[in-house]
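Inspection log for the structure reproduced underneath, given as structure tokens.
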Amino acid sequence: MDFVAAFSFLFFGFTILFSMFSILIYIWRLKPWCNCDVCKAYLSSSWRKDFTNLCDWYTHLLRNSKTGTIHFHVLGNIITANPENVEHMIKTRFDNYPKGKPFSALLGDLLGRGIFNVDGDSWKFQRKMASFELGSVSIRMYAFDLIITEIRERLVPLLSSAAARQEVLDLQDVFRRFSFDNICKFSFGLDPGCLELSLPVCEFALAFDAASKLSAERALAASPMVWKIKRLLNIGSERELKEAIKKVNELAEGMINQKRKVGLSNSNDLLSRFMTSISDDRYLRDIVISFLLAGRDTVASGLTSFFWILSQHPEVVSALREEMEKVTGSSQELPSYHEMLQMHYLNAVIHESLRLYPPVQFDSKFAQEDDILPDGTFVPKGTRATYHQYAMGRMEQIWGPDCLDFKPERWLKKGVFVPENPFKYTVFHAGPRICLGKELALVEMKTVALAIIRGFNTVVEDPEQAPRFIPGFTATVRGGLPVLMQERERSLKIHQQPTSM
């Protein structure tokens, strides 16, 4: 017993000393004594005097930089909004700017070896497999039918009920529930029923949200050693994270086991499709959880910003309704996929909204070797290099003097939607890691937008209140988006069979 006690004492003593040494090394590398104005403002939080959101302060700094690039010495982070730099990082020198071990460590417990948390051969394998599945006509038809069904059977009845009772709804919460139901059915073949009329508490959604939030908060720690020590000792937020991930794992493992028992022949969800070529259950879990993370909050965030912006532009809502009537005529049914392809103005409004309020505000890489960006910025090996999508949407050098204005017409030429250079418009990333779910996400946003705009007037309680974002993987608005729904005379039929692509 004395030997065990002595060994335990020595072990924990060594752990504490090693941790302190690691923190000192980390602090030395960050140069917290940096006396430049940017680092002082960051460390003292004095930027809060003039800016509501950190992303707005970053945008201010980048707009005032001659190169569109800034260096946060205390964070060891080079941040850019220069399209040439972005193309260099995520295409030209793609191999030199992987996600990197620091990022993988943050999300490792939640995402494991999933596609968004790996590099190299593992990423290539999952990318190829996902590209094949998501590109098939059958999977797109399946996804579209899921969206239509959720709108008809849950979203429209919920909004109609709230309108009849003149009840305030948090539209952000509604969209999060909607997208969680859809992505769970698409990924697992599981219907959590989050958007049922009673708006029930969904244990799986709560566990998944907690796991995502707590994983993201690791990045806010003064040093990675802080959360690593808490994880080792199983205390505080790391204990909560462990419990949340345990619940997520139990459900995922249960779904995998159930599918192996009943067979996969009649299932179209991603898990069933991946199970035909992967036998490692843990790997399957990691892959599907990654899709769950990507498909849930991004769509909800995009729709929340979309309807907040529309509340300030009633003329855009009128133009969208005119385009709908022009394409679909007097039909009160949801437009088909092919009809939506003819709605160029809708596509422009969606893209313009995402330009100003991208669901993912920035993306970071870690340089494997020393490098020089096209604007002349030196990037030392191991440095975090970030391109800032939120700031890029607000750069005069990229979008012109009206860059801060909501102007859907900038996407149209003679009434036809014209996409922009992906290294200028980085909402869906670009290069080898460009978002595979881009088209599915746009279809989901368009279908929901059309259903609400045609069937309801949406009255935002405080349209002048600019969004205040909560730190996290995606742009989540603090306080949500409280609205009153008013049902229009022309409301959608909700008893039709799902429309296919």
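Just remember, in the structure tokens the first chain shown is A, the second B, etc., residues are 1-based per chain, and ligands are 1-based in the order shown.
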* Asked: Which neighbours of Gly455 of chain A fall inside 12 Å, counting only C-alpha atoms, when residues of the same chain fewer than 5 positions from it are skipped, and could you give them as a PyMOL selection string?
  -> chain A and resi 151-152+155-157+159-160+163+317+321+324+332-334+448-450+485-494
* Residue contacts of segment 127-129 of chain A (12 Å, only C-alpha atoms) excluding same-chain residues fewer than 2 positions away, as a ChimeraX atom specification -> /A:114-125,131-136,270,273-278,287,291,432-437
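Those residues that approach Glu396 of chain A to within 12 Å, counting only C-alpha atoms, are Thr59, His60, Leu62, Arg63, Asn64, Ser65, Lys66, Gly68, Ala81, Asn82, Ala391, Met392, Gly393, Trp399, Gly400, Pro401, Asp402, Cys403, Leu404, Asp405 and Lys424 of chain A; same-chain residues fewer than 3 positions away are not listed.
Within segment 38-155 of chain A, DSSP run on the backbone puts these residues in strand (DSSP E): Thr69, Ile70, His71, Phe72, Asn77, Ile78, Ile79 and Thr80 of chain A.
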* Asked: Counting only C-alpha atoms, what is within 8 Å of Tyr390 of chain A, bar same-chain residues fewer than 4 positions away, as a VMD selection string?
  -> chain A and resid 55 59 355 to 358 360 to 362 394
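Distance check against Leu341 of chain A using only C-alpha atoms: of A:Lys446, A:His429, A:Arg384, A:His88, the minimum falls on A:Lys446.
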* **Long-range neighbours of Val316 of chain A as number ranges by chain, 10 Å cut-off, only C-alpha atoms, 3 positions minimum in chain** => A: 309-313, 319-322, 345-346, 349, 407-408
Let me see the file: selected residues, C-alpha atoms, as a compact mmCIF listing (two decimals), in the first residue's frame.
```
# COMPACT_ATOMS: atom_id res chain seq x y z
CA ILE A 309 -32.37 40.22 -42.82
CA LEU A 310 -35.74 39.84 -44.58
CA SER A 311 -37.44 41.56 -41.62
CA GLN A 312 -35.58 44.72 -42.65
CA HIS A 313 -36.29 44.34 -46.36
CA ALA A 319 -40.11 40.17 -54.91
CA LEU A 320 -39.65 36.58 -53.70
CA ARG A 321 -43.42 36.04 -53.65
CA GLU A 322 -43.71 37.46 -57.16
CA TYR A 345 -33.79 35.74 -57.35
CA LEU A 346 -34.33 33.32 -54.45
CA VAL A 349 -31.13 36.34 -51.81
CA LYS A 407 -28.02 43.66 -52.27
CA PRO A 408 -29.22 40.39 -53.91
```
* Asked: Where does DSSP see alpha helix (DSSP H) in segment 115-305 of chain A, if you list the residues as a PyMOL selection string?
  -> chain A and resi 120-134+137-150+156-164+171-187+203-217+224-233+236-262+270-275+281-305
* Asked: Hey, which of A:Pro419, A:Pro471, A:Leu354, A:Ser161 ends up closest to Leu220 of chain A? Count only C-alpha atoms.
  -> A:Pro471
* So what do you get for atom CA of Arg177 of chain A versus atom CA of Ala162 of chain A, distance-wise? -> 15.6 Å
* Name the residues in contact with Glu203 of chain A at a cut-off of 12 Å, using only C-alpha atoms, excluding same-chain residues fewer than 6 positions from it; report them as number ranges by chain. => A: 192-194, 209-210, 244, 247-248, 250-251
Atoms kept (N, CA and C atoms) for selection, written as a CSV table (one decimal), in the first residue's frame:
```
chain,number,residue,atom,x,y,z
A,192,PRO,N,-35.9,11.9,-34.2
A,192,PRO,CA,-36.0,12.3,-32.8
A,192,PRO,C,-37.2,13.1,-32.5
A,193,GLY,N,-38.0,13.6,-33.5
A,193,GLY,CA,-39.3,14.3,-33.2
A,193,GLY,C,-39.1,15.6,-32.5
A,194,CYS,N,-38.0,16.3,-32.7
A,194,CYS,CA,-37.8,17.6,-32.0
A,194,CYS,C,-38.8,18.6,-32.4
A,209,ASP,N,-25.9,18.9,-28.4
A,209,ASP,CA,-25.6,20.3,-28.3
A,209,ASP,C,-24.5,20.5,-27.2
A,210,ALA,N,-24.7,19.8,-26.1
A,210,ALA,CA,-23.7,20.0,-25.0
A,210,ALA,C,-22.3,19.6,-25.4
A,244,ALA,N,-21.8,13.9,-21.8
A,244,ALA,CA,-22.6,14.2,-23.0
A,244,ALA,C,-22.2,13.2,-24.2
A,247,LYS,N,-23.6,9.7,-23.9
A,247,LYS,CA,-25.0,9.6,-24.4
A,247,LYS,C,-25.1,9.5,-25.9
A,248,VAL,N,-24.3,10.4,-26.6
A,248,VAL,CA,-24.3,10.4,-28.0
A,248,VAL,C,-23.8,9.0,-28.5
A,250,GLU,N,-23.9,6.1,-27.0
A,250,GLU,CA,-24.9,5.0,-26.7
A,250,GLU,C,-25.9,5.0,-27.8
A,251,LEU,N,-26.4,6.2,-28.2
A,251,LEU,CA,-27.4,6.2,-29.3
A,251,LEU,C,-26.9,5.7,-30.6
```
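With only C-alpha atoms as the atoms that count, the residue of A:Lys101, A:Arg140, A:Arg454, A:Lys413 with the shortest distance to Pro335 of chain A is A:Arg454.
Reported to one decimal place, the separation of atom CA of Arg239 of chain A from atom CA of Val288 of chain A is 23.6 Å.
A straight line drawn from atom CA of Lys91 of chain A to atom CA of Ile139 of chain A is 28.2 Å long.
Closest to Phe406 of chain A among A:Glu153, A:Glu315, A:Glu167, A:Asp375 is A:Glu315, based on only C-alpha atoms.
Using only C-alpha atoms for every distance, the candidate list A:Asn249, A:Ser138, A:Thr298, A:Thr69 yields A:Thr298 as the residue closest to Glu444 of chain A.
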* Asked: Counting only C-alpha atoms, what is within 8 Å of Gln368 of chain A, bar same-chain residues fewer than 5 positions away, as a PyMOL selection string?
  -> chain A and resi 96-98+381-382
